[in-house]
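See below for structure-v7.txt, which holds compact mmCIF, C-alpha atoms and all ligand atoms.
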# COMPACT_ATOMS: atom_id res chain seq x y z
CA MET M 1263 -34.82 -31.12 -55.49
CA HIS M 1264 -33.86 -33.78 -52.95
CA VAL M 1265 -33.01 -37.22 -54.13
CA PRO M 1266 -34.07 -40.13 -51.94
CA GLU M 1267 -31.20 -42.05 -50.48
CA LEU M 1268 -30.73 -45.75 -49.86
CA ARG M 1269 -28.73 -46.45 -46.73
CA LYS M 1270 -27.45 -49.72 -45.35
CA ASP M 1271 -27.24 -50.58 -41.66
CA PRO M 1272 -23.65 -51.75 -41.14
CA VAL M 1273 -24.56 -54.36 -38.51
CA VAL M 1274 -27.44 -56.29 -40.05
CA GLY M 1275 -27.09 -55.16 -43.67
CA ARG M 1276 -30.68 -53.89 -43.77
CA TRP M 1277 -31.36 -51.24 -46.39
CA VAL M 1278 -33.69 -48.32 -45.76
CA ILE M 1279 -34.98 -45.59 -48.02
CA ILE M 1280 -34.51 -42.12 -46.55
CA SER M 1281 -37.02 -40.14 -48.57
CA THR M 1282 -35.66 -36.66 -48.09
CA ASP M 1283 -37.95 -35.14 -50.70
CA ARG M 1284 -40.89 -35.64 -48.41
CA ALA M 1285 -38.84 -34.95 -45.32
CA LYS M 1286 -41.12 -34.70 -42.38
CA ARG M 1287 -40.77 -32.28 -39.54
CA PRO M 1288 -41.94 -33.34 -36.08
CA SER M 1289 -45.08 -31.22 -36.49
CA ASP M 1290 -46.20 -33.45 -39.37
CA PHE M 1291 -46.50 -36.38 -36.99
CA LEU M 1292 -48.50 -34.96 -34.14
CA HIS M 1293 -51.38 -37.38 -34.10
CA ASN M 1294 -50.57 -40.21 -31.70
CA LYS M 1295 -50.51 -38.17 -28.50
CA VAL M 1296 -50.94 -40.41 -25.49
CA VAL M 1297 -53.96 -39.54 -23.39
CA GLN M 1298 -55.12 -41.47 -20.35
CA LYS M 1299 -58.65 -42.74 -20.02
CA GLY M 1300 -58.73 -44.03 -16.45
CA GLY M 1301 -60.92 -46.89 -15.23
CA PHE M 1302 -60.04 -49.88 -13.03
CA CYS M 1303 -56.34 -50.69 -12.97
CA PRO M 1304 -54.84 -53.91 -11.54
CA PHE M 1305 -51.39 -52.29 -11.26
CA CYS M 1306 -52.47 -49.47 -8.93
CA PRO M 1307 -51.56 -49.73 -5.22
CA GLY M 1308 -54.34 -51.38 -3.25
CA ASN M 1309 -55.11 -53.76 -6.13
CA GLU M 1310 -52.12 -56.04 -5.56
CA ALA M 1311 -54.44 -59.04 -5.08
CA LYS M 1312 -55.70 -58.61 -8.64
CA THR M 1313 -52.32 -59.60 -10.13
CA PRO M 1314 -50.47 -62.92 -9.82
CA SER M 1315 -48.14 -62.97 -6.78
CA GLU M 1316 -45.16 -60.64 -7.21
CA VAL M 1317 -41.74 -62.02 -8.14
CA LEU M 1318 -39.92 -58.84 -7.10
CA ALA M 1319 -40.81 -55.58 -5.38
CA TYR M 1320 -38.84 -52.70 -3.93
CA ARG M 1321 -40.26 -51.25 -0.73
CA PRO M 1322 -37.43 -48.90 0.28
CA ASN M 1323 -39.42 -47.02 2.93
CA SER M 1324 -40.82 -49.98 4.82
CA ASN M 1325 -37.64 -50.84 6.80
CA GLY M 1326 -38.07 -54.44 5.82
CA ASN M 1327 -41.61 -54.61 7.22
CA GLY M 1328 -43.32 -54.35 3.86
CA GLN M 1329 -45.88 -57.03 3.18
CA LYS M 1330 -45.40 -59.15 0.10
CA ASN M 1331 -48.21 -58.27 -2.31
CA GLY M 1332 -49.13 -55.35 -0.11
CA PRO M 1333 -48.79 -51.63 -0.87
CA GLY M 1334 -45.74 -49.45 -0.19
CA TRP M 1335 -43.72 -50.53 -3.23
CA THR M 1336 -41.98 -48.24 -5.67
CA VAL M 1337 -41.35 -50.84 -8.41
CA ARG M 1338 -43.15 -54.18 -8.58
CA VAL M 1339 -42.73 -57.15 -10.93
CA VAL M 1340 -45.51 -59.68 -11.40
CA PRO M 1341 -46.11 -62.56 -13.81
CA ASN M 1342 -48.34 -61.55 -16.70
CA LYS M 1343 -51.90 -62.68 -16.05
CA PHE M 1344 -52.28 -63.59 -19.71
CA PRO M 1345 -48.79 -64.86 -20.56
CA ALA M 1346 -47.65 -65.35 -24.14
CA LEU M 1347 -45.62 -68.33 -22.90
CA GLY M 1348 -45.94 -70.68 -19.91
CA ILE M 1349 -43.30 -71.23 -17.23
CA GLU M 1350 -44.06 -74.89 -16.47
CA GLY M 1351 -42.49 -77.99 -18.00
CA THR M 1352 -39.37 -79.01 -19.82
CA LEU M 1353 -38.50 -77.87 -23.27
CA ASN M 1354 -39.67 -80.34 -25.84
CA ARG M 1355 -38.42 -79.89 -29.38
CA GLN M 1356 -40.21 -81.85 -32.07
CA ALA M 1357 -40.32 -82.21 -35.78
CA GLU M 1358 -43.43 -82.37 -37.89
CA GLY M 1359 -41.93 -83.64 -41.10
CA MET M 1360 -39.52 -80.90 -42.12
CA PHE M 1361 -41.13 -78.42 -39.75
CA ASP M 1362 -39.81 -77.67 -36.25
CA LYS M 1363 -41.85 -76.94 -33.21
CA MET M 1364 -41.52 -76.82 -29.45
CA ASN M 1365 -43.83 -76.27 -26.54
CA GLY M 1366 -44.46 -72.62 -25.62
CA LEU M 1367 -42.12 -72.48 -22.68
CA GLY M 1368 -41.03 -69.15 -21.26
CA ALA M 1369 -41.65 -66.49 -18.66
CA HIS M 1370 -43.74 -63.40 -19.22
CA GLU M 1371 -43.59 -60.71 -16.56
CA VAL M 1372 -44.81 -57.16 -16.09
CA ILE M 1373 -42.54 -54.56 -14.53
CA VAL M 1374 -44.79 -51.97 -12.91
CA GLU M 1375 -42.62 -48.88 -12.89
CA THR M 1376 -44.35 -46.68 -10.34
CA PRO M 1377 -47.39 -46.73 -8.07
CA ASP M 1378 -48.48 -43.49 -9.76
CA HIS M 1379 -50.96 -44.39 -12.49
CA ALA M 1380 -50.82 -40.98 -14.17
CA SER M 1381 -47.05 -40.74 -14.40
CA HIS M 1382 -44.78 -42.35 -16.95
CA LEU M 1383 -41.22 -43.55 -17.10
CA GLY M 1384 -39.70 -40.31 -18.41
CA LEU M 1385 -41.47 -38.23 -15.77
CA LEU M 1386 -40.12 -40.20 -12.82
CA LEU M 1387 -37.25 -38.89 -10.71
CA PRO M 1388 -33.83 -40.06 -11.96
CA LYS M 1389 -33.39 -42.16 -8.80
CA HIS M 1390 -36.68 -43.88 -9.47
CA ILE M 1391 -35.78 -44.60 -13.11
CA GLU M 1392 -32.62 -46.17 -11.74
CA SER M 1393 -34.64 -48.55 -9.59
CA VAL M 1394 -36.76 -49.49 -12.60
CA LEU M 1395 -33.54 -50.38 -14.42
CA TRP M 1396 -32.28 -52.31 -11.38
CA ALA M 1397 -35.49 -54.32 -11.58
CA TRP M 1398 -34.62 -55.18 -15.22
CA ARG M 1399 -31.22 -56.33 -14.06
CA ASP M 1400 -32.44 -58.24 -11.01
CA ARG M 1401 -35.00 -60.14 -13.05
CA ILE M 1402 -32.41 -61.05 -15.71
CA VAL M 1403 -29.97 -62.27 -13.06
CA ASP M 1404 -32.68 -64.39 -11.45
CA LEU M 1405 -34.17 -65.87 -14.65
CA LYS M 1406 -30.72 -66.54 -16.09
CA GLN M 1407 -30.32 -69.36 -13.56
CA ASP M 1408 -33.05 -71.24 -15.38
CA ARG M 1409 -31.11 -73.14 -18.01
CA ARG M 1410 -34.19 -73.61 -20.17
CA PHE M 1411 -34.05 -69.95 -21.19
CA LYS M 1412 -31.77 -68.74 -23.98
CA TYR M 1413 -32.81 -65.12 -24.11
CA ILE M 1414 -34.52 -62.38 -22.13
CA MET M 1415 -36.25 -59.60 -23.98
CA ILE M 1416 -37.33 -56.52 -22.05
CA PHE M 1417 -39.52 -54.08 -23.90
CA LYS M 1418 -41.95 -51.32 -23.36
CA ASN M 1419 -45.11 -50.30 -25.17
CA HIS M 1420 -46.14 -46.82 -24.16
CA GLY M 1421 -49.53 -45.62 -25.36
CA GLU M 1422 -52.28 -47.43 -27.20
CA ALA M 1423 -50.79 -46.66 -30.62
CA ALA M 1424 -47.63 -48.52 -29.54
CA GLY M 1425 -49.58 -51.56 -28.39
CA ALA M 1426 -50.09 -50.85 -24.68
CA THR M 1427 -53.32 -52.38 -23.43
CA LEU M 1428 -52.97 -51.08 -19.88
CA GLU M 1429 -52.08 -47.44 -19.34
CA HIS M 1430 -50.38 -47.78 -15.93
CA PRO M 1431 -46.62 -47.23 -16.56
CA HIS M 1432 -45.05 -50.64 -17.10
CA ALA M 1433 -42.59 -52.65 -19.16
CA GLN M 1434 -42.66 -56.33 -20.03
CA LEU M 1435 -40.14 -59.09 -19.85
CA ILE M 1436 -40.25 -62.28 -21.87
CA ALA M 1437 -37.77 -65.09 -21.25
CA LEU M 1438 -37.49 -67.29 -24.33
CA PRO M 1439 -36.16 -70.78 -25.09
CA ILE M 1440 -34.73 -69.39 -28.36
CA VAL M 1441 -32.78 -66.28 -29.41
CA PRO M 1442 -34.98 -63.85 -31.38
CA LYS M 1443 -34.23 -63.29 -35.06
CA HIS M 1444 -33.36 -59.59 -34.77
CA VAL M 1445 -30.75 -60.37 -32.15
CA ILE M 1446 -29.36 -63.28 -34.18
CA GLU M 1447 -28.91 -60.91 -37.12
CA GLU M 1448 -27.03 -58.46 -34.91
CA LEU M 1449 -24.89 -61.24 -33.45
CA ASP M 1450 -24.07 -62.54 -36.95
CA GLY M 1451 -23.23 -59.05 -38.22
CA GLY M 1452 -21.06 -58.35 -35.19
CA ARG M 1453 -19.25 -61.67 -35.51
CA GLN M 1454 -18.51 -61.18 -39.22
CA TYR M 1455 -17.12 -57.69 -38.64
CA PHE M 1456 -15.01 -58.93 -35.76
CA THR M 1457 -13.59 -61.75 -37.86
CA VAL M 1458 -12.28 -59.24 -40.40
CA LYS M 1459 -11.35 -56.25 -38.22
CA GLU M 1460 -10.91 -57.69 -34.74
CA ARG M 1461 -12.96 -54.82 -33.36
CA CYS M 1462 -16.52 -54.53 -32.10
CA ILE M 1463 -18.70 -52.99 -34.80
CA PHE M 1464 -20.82 -51.17 -32.22
CA CYS M 1465 -17.72 -49.63 -30.60
CA ASP M 1466 -16.60 -48.55 -34.08
CA ILE M 1467 -19.99 -47.03 -34.87
CA MET M 1468 -19.91 -44.99 -31.66
CA ARG M 1469 -16.33 -43.87 -32.28
CA GLN M 1470 -17.36 -42.54 -35.68
CA GLU M 1471 -20.56 -40.94 -34.38
CA MET M 1472 -18.61 -39.11 -31.67
CA GLU M 1473 -16.00 -37.85 -34.16
CA ASN M 1474 -18.67 -36.13 -36.19
CA PRO M 1475 -21.62 -35.83 -33.82
CA MET M 1476 -24.34 -34.89 -36.32
CA ARG M 1477 -26.46 -37.86 -35.26
CA VAL M 1478 -25.73 -37.60 -31.54
CA VAL M 1479 -28.63 -36.60 -29.29
CA ILE M 1480 -27.15 -36.94 -25.80
CA GLU M 1481 -23.74 -37.86 -24.48
CA ASN M 1482 -22.69 -38.39 -20.87
CA ASP M 1483 -19.75 -40.13 -19.18
CA ASP M 1484 -21.04 -43.62 -19.82
CA PHE M 1485 -23.60 -43.46 -22.62
CA LEU M 1486 -24.08 -42.27 -26.16
CA VAL M 1487 -27.61 -41.62 -27.41
CA PHE M 1488 -27.75 -41.30 -31.18
CA ALA M 1489 -29.84 -41.77 -34.28
CA PRO M 1490 -28.44 -44.70 -36.29
CA PHE M 1491 -27.14 -44.07 -39.82
CA ALA M 1492 -29.90 -46.17 -41.42
CA PRO M 1493 -32.93 -45.92 -39.13
CA ARG M 1494 -36.10 -47.77 -40.03
CA PHE M 1495 -38.38 -45.23 -38.42
CA PRO M 1496 -38.47 -41.43 -37.95
CA PHE M 1497 -36.75 -40.48 -34.69
CA GLU M 1498 -35.44 -44.00 -34.10
CA THR M 1499 -32.76 -43.58 -31.43
CA TRP M 1500 -30.29 -45.96 -29.78
CA ILE M 1501 -28.81 -45.77 -26.29
CA MET M 1502 -25.42 -47.49 -26.04
CA PRO M 1503 -22.83 -47.84 -23.26
CA LYS M 1504 -19.53 -46.27 -24.31
CA ARG M 1505 -17.50 -49.03 -22.71
CA HIS M 1506 -17.65 -52.36 -24.48
CA GLU M 1507 -19.97 -54.83 -22.76
CA SER M 1508 -22.15 -57.52 -24.26
CA ALA M 1509 -24.52 -58.14 -21.34
CA PHE M 1510 -26.80 -55.52 -19.81
CA GLU M 1511 -26.82 -57.17 -16.38
CA ASN M 1512 -23.10 -56.42 -15.87
CA LEU M 1513 -23.81 -52.70 -15.53
CA SER M 1514 -21.95 -50.85 -12.79
CA LEU M 1515 -23.63 -48.51 -10.32
CA HIS M 1516 -21.99 -45.55 -12.03
CA GLN M 1517 -23.29 -46.68 -15.41
CA MET M 1518 -26.76 -47.24 -14.00
CA ILE M 1519 -26.92 -43.65 -12.80
CA ASN M 1520 -25.89 -42.37 -16.20
CA LEU M 1521 -28.22 -44.73 -18.06
CA ALA M 1522 -31.17 -43.47 -16.02
CA ALA M 1523 -30.09 -39.89 -16.76
CA ALA M 1524 -29.72 -40.51 -20.51
CA LEU M 1525 -33.01 -42.38 -20.75
CA LYS M 1526 -34.85 -39.69 -18.83
CA GLN M 1527 -33.40 -36.95 -21.00
CA LEU M 1528 -34.32 -38.77 -24.19
CA LEU M 1529 -37.88 -39.45 -23.03
CA MET M 1530 -38.34 -35.87 -21.83
CA LYS M 1531 -37.00 -34.43 -25.06
CA CYS M 1532 -39.45 -36.58 -27.02
CA GLU M 1533 -42.26 -35.63 -24.70
CA VAL M 1534 -41.62 -31.97 -25.48
CA ALA M 1535 -40.52 -32.18 -29.12
CA LEU M 1536 -43.02 -34.77 -30.32
CA ASP M 1537 -45.91 -33.90 -27.99
CA SER M 1538 -46.20 -36.99 -25.76
CA PRO M 1539 -45.81 -39.65 -28.43
CA ALA M 1540 -46.61 -43.32 -28.02
CA TYR M 1541 -43.38 -45.27 -28.21
CA ASN M 1542 -41.68 -48.66 -28.04
CA LEU M 1543 -38.34 -49.46 -26.59
CA ALA M 1544 -36.47 -52.73 -26.44
CA LEU M 1545 -33.33 -53.96 -24.76
CA HIS M 1546 -30.92 -55.86 -27.00
CA THR M 1547 -28.44 -57.79 -24.92
CA ALA M 1548 -26.36 -60.93 -25.37
CA PRO M 1549 -28.04 -64.34 -25.18
CA LEU M 1550 -28.00 -65.99 -21.74
CA GLN M 1551 -25.54 -68.77 -20.96
CA GLU M 1552 -22.87 -67.05 -23.07
CA ALA M 1553 -19.51 -65.87 -21.79
CA ALA M 1554 -18.68 -62.22 -22.47
CA LEU M 1555 -18.73 -61.58 -26.23
CA ASP M 1556 -16.09 -59.43 -27.94
CA TYR M 1557 -18.31 -58.82 -30.94
CA TYR M 1558 -21.64 -57.93 -29.35
CA HIS M 1559 -22.54 -54.75 -27.49
CA TRP M 1560 -25.79 -54.32 -25.59
CA HIS M 1561 -28.04 -51.34 -26.33
CA ILE M 1562 -31.56 -50.01 -26.07
CA GLU M 1563 -33.52 -49.23 -29.23
CA PHE M 1564 -36.17 -46.54 -28.93
CA ILE M 1565 -38.84 -45.82 -31.52
CA PRO M 1566 -41.58 -43.22 -31.13
CA LYS M 1567 -44.72 -44.46 -32.83
CA LEU M 1568 -45.15 -41.77 -35.48
CA THR M 1569 -45.92 -43.76 -38.60
CA ASN M 1570 -47.56 -47.06 -39.43
CA THR M 1571 -45.64 -49.62 -41.39
CA ALA M 1572 -47.54 -50.63 -44.50
CA GLY M 1573 -47.54 -53.15 -47.30
CA PHE M 1574 -44.18 -52.21 -48.73
CA GLU M 1575 -42.38 -52.69 -45.42
CA TRP M 1576 -44.28 -55.85 -44.67
CA GLY M 1577 -43.70 -57.30 -48.11
CA SER M 1578 -40.08 -56.31 -48.59
CA GLY M 1579 -38.45 -55.99 -45.19
CA PHE M 1580 -37.30 -52.61 -46.50
CA TYR M 1581 -38.30 -49.47 -44.67
CA ILE M 1582 -39.14 -46.03 -45.96
CA ASN M 1583 -38.20 -43.39 -43.43
CA PRO M 1584 -39.37 -39.85 -44.13
CA THR M 1585 -37.03 -38.20 -41.61
CA PRO M 1586 -33.24 -38.28 -42.08
CA PRO M 1587 -31.51 -39.21 -38.82
CA GLU M 1588 -29.34 -36.08 -38.98
CA GLU M 1589 -32.53 -34.02 -38.77
CA SER M 1590 -34.22 -36.04 -36.05
CA ALA M 1591 -31.03 -36.00 -33.95
CA LYS M 1592 -30.64 -32.24 -34.37
CA PHE M 1593 -34.25 -31.69 -33.42
CA LEU M 1594 -34.00 -33.79 -30.27
CA ARG M 1595 -30.58 -32.42 -29.38
CA GLU M 1596 -31.95 -28.90 -29.49
CA ALA M 1597 -35.27 -29.68 -27.78
CA GLU M 1598 -35.24 -27.99 -24.41
CA VAL M 1599 -37.12 -29.48 -21.51
CA PRO M 1600 -38.54 -26.60 -19.45
CA ALA M 1601 -37.38 -26.54 -15.82
CA GLY M 1602 -39.94 -28.11 -13.53
CA PHE M 1603 -41.52 -30.08 -16.41
CA GLN M 1604 -39.93 -33.25 -15.11
CA TYR M 1605 -41.82 -33.89 -11.95
CA ILE M 1606 -45.26 -32.51 -12.51
CA LYS M 1607 -48.00 -33.43 -14.91
ZN ZN H 1701 -52.90 -47.94 -12.39
ZN ZN H 1702 -18.39 -52.86 -28.36
ZN ZN H 1703 -30.40 -53.84 -31.62
Could you render the structure from this file as structure tokens?
Ligand SMILES: [Zn+2]
Ligand SMILES: [Zn+2]
Ligand SMILES: [Zn+2]
Amino acid sequence: MHVPELRKDPVVGRWVIISTDRAKRPSDFLHNKVVQKGGFCPFCPGNEAKTPSEVLAYRPNSNGNGQKNGPGWTVRVVPNKFPALGIEGTLNRQAEGMFDKMNGLGAHEVIVETPDHASHLGLLLPKHIESVLWAWRDRIVDLKQDRRFKYIMIFKNHGEAAGATLEHPHAQLIALPIVPKHVIEELDGGRQYFTVKERCIFCDIMRQEMENPMRVVIENDDFLVFAPFAPRFPFETWIMPKRHESAFENLSLHQMINLAAALKQLLMKCEVALDSPAYNLALHTAPLQEAALDYYHWHIEFIPKLTNTAGFEWGSGFYINPTPPEESAKFLREAEVPAGFQYIK
């Protein structure tokens, strides 16, 4: 008889219930397989005029003759046609009695990852994934100059079940005039730990995970991919640079190559092991306009969409996770991606 276990995330102090008695194997989840439906797509080459004018595009094969908003791009970034926040104006904070409000200032962009509608991020060549990640970096570096923004969140919804409304491979970027709550919690947790121990909590977590690698999925020269000790969701996995760094945009070329490799491997392993799941991923990096932080460490959080959160999670902020991270990590670690699977589909 298994006894459920309560586990606490050391950074944010969030408790989760790992319900080992109803431990779920990957085969119990196979119901959110991503299938493409087709139809008109504004992100496909030839339809560039259907999106707002691009803010960035790589056209490596055009020898500099590529036409802005024309075809020939490999990665293209455009403002979201239906932005959650607007780019115009100055930030205006107001009070309404005890309540605070401000105008909805921000930037909302779409990073189109490939001209190939039927592909997806994990299926792209490693070199191409690198250029997608360079686009993340280039957009952060550019938007960072705008002092109105405090934070840039880059995230990806893959598949309808994960909230994607357009199936063409893409990620989204939102520049915000405030730092999001999840990141504030991580910053606070990191700062508290640093005050006591004078070490980065994320560096310490990785050190311990590498000593006893039961939750490690992938390791290369620059990155550790692992299931956190207290994951909220089955198969939740984090990608973290081994060398301490608080801001994503300071990545070196060497690190970029290894990040693309680690990300590709993780996505391919999930593709095989979890049968093309819908998923979300999000970049957690330091707030803009901050000098390098000793106590914060950027990372990517990846969550395949295998379960739906329900009333208990919503009401309590507690999560029930039916798959222990040691099991999900082992399963992904051992998942073999067949040769040739990468580039065809
Ligand atoms: Zn398309
Ligand atoms: Zn660190
Ligand atoms: Zn995080």
Surrounding residues as a PDB file with C-alpha atoms, keeping the file's coordinate frame, ligand ZN 1702 (chain H), max 6 Å, only C-alpha atoms and all ligand atoms:
ATOM      1  CA  CYS M1462     -16.520 -54.530 -32.100  1.00  0.00           C
ATOM      2  CA  PHE M1464     -20.820 -51.170 -32.220  1.00  0.00           C
ATOM      3  CA  CYS M1465     -17.720 -49.630 -30.600  1.00  0.00           C
ATOM      4  CA  HIS M1506     -17.650 -52.360 -24.480  1.00  0.00           C
ATOM      5  CA  HIS M1559     -22.540 -54.750 -27.490  1.00  0.00           C
TER       6      HIS M1559
END
- Could you list, as a ChimeraX atom specification, all the residues within 7 Å of ligand ZN 1703 (chain H), counting all atoms listed in the file? /M:1445,1448,1546,1561-1563
- Once you count only C-alpha atoms and all ligand atoms, which residues end up within 8 Å of ligand ZN 1701 (chain H), and could you hand them over as a PyMOL selection string? chain M and resi 1302-1307+1377-1380+1429-1431
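The coordinates place atom CA of His1420 of chain M at 15.0 Å from atom CA of Gly1300 of chain M.
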- Would you please work out which residue, of M:Tyr1581, M:Phe1593, M:Phe1495, M:Trp1500, is nearest to Glu1481 of chain M when using all atoms listed in the file? M:Trp1500
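Take atom CA of Asn1482 of chain M and atom CA of Gln1470 of chain M: the distance between them is 16.3 Å.
Near Phe1510 of chain M, within a cut-off of 9 Å and counting all atoms listed in the file, sit the residues Arg1399, Ile1402, Glu1507, Ser1508, Asn1512, Leu1513, Leu1545, His1546, Thr1547, Ala1548, His1559, Trp1560 and His1561 of chain M, with same-chain residues fewer than 2 positions away left out.
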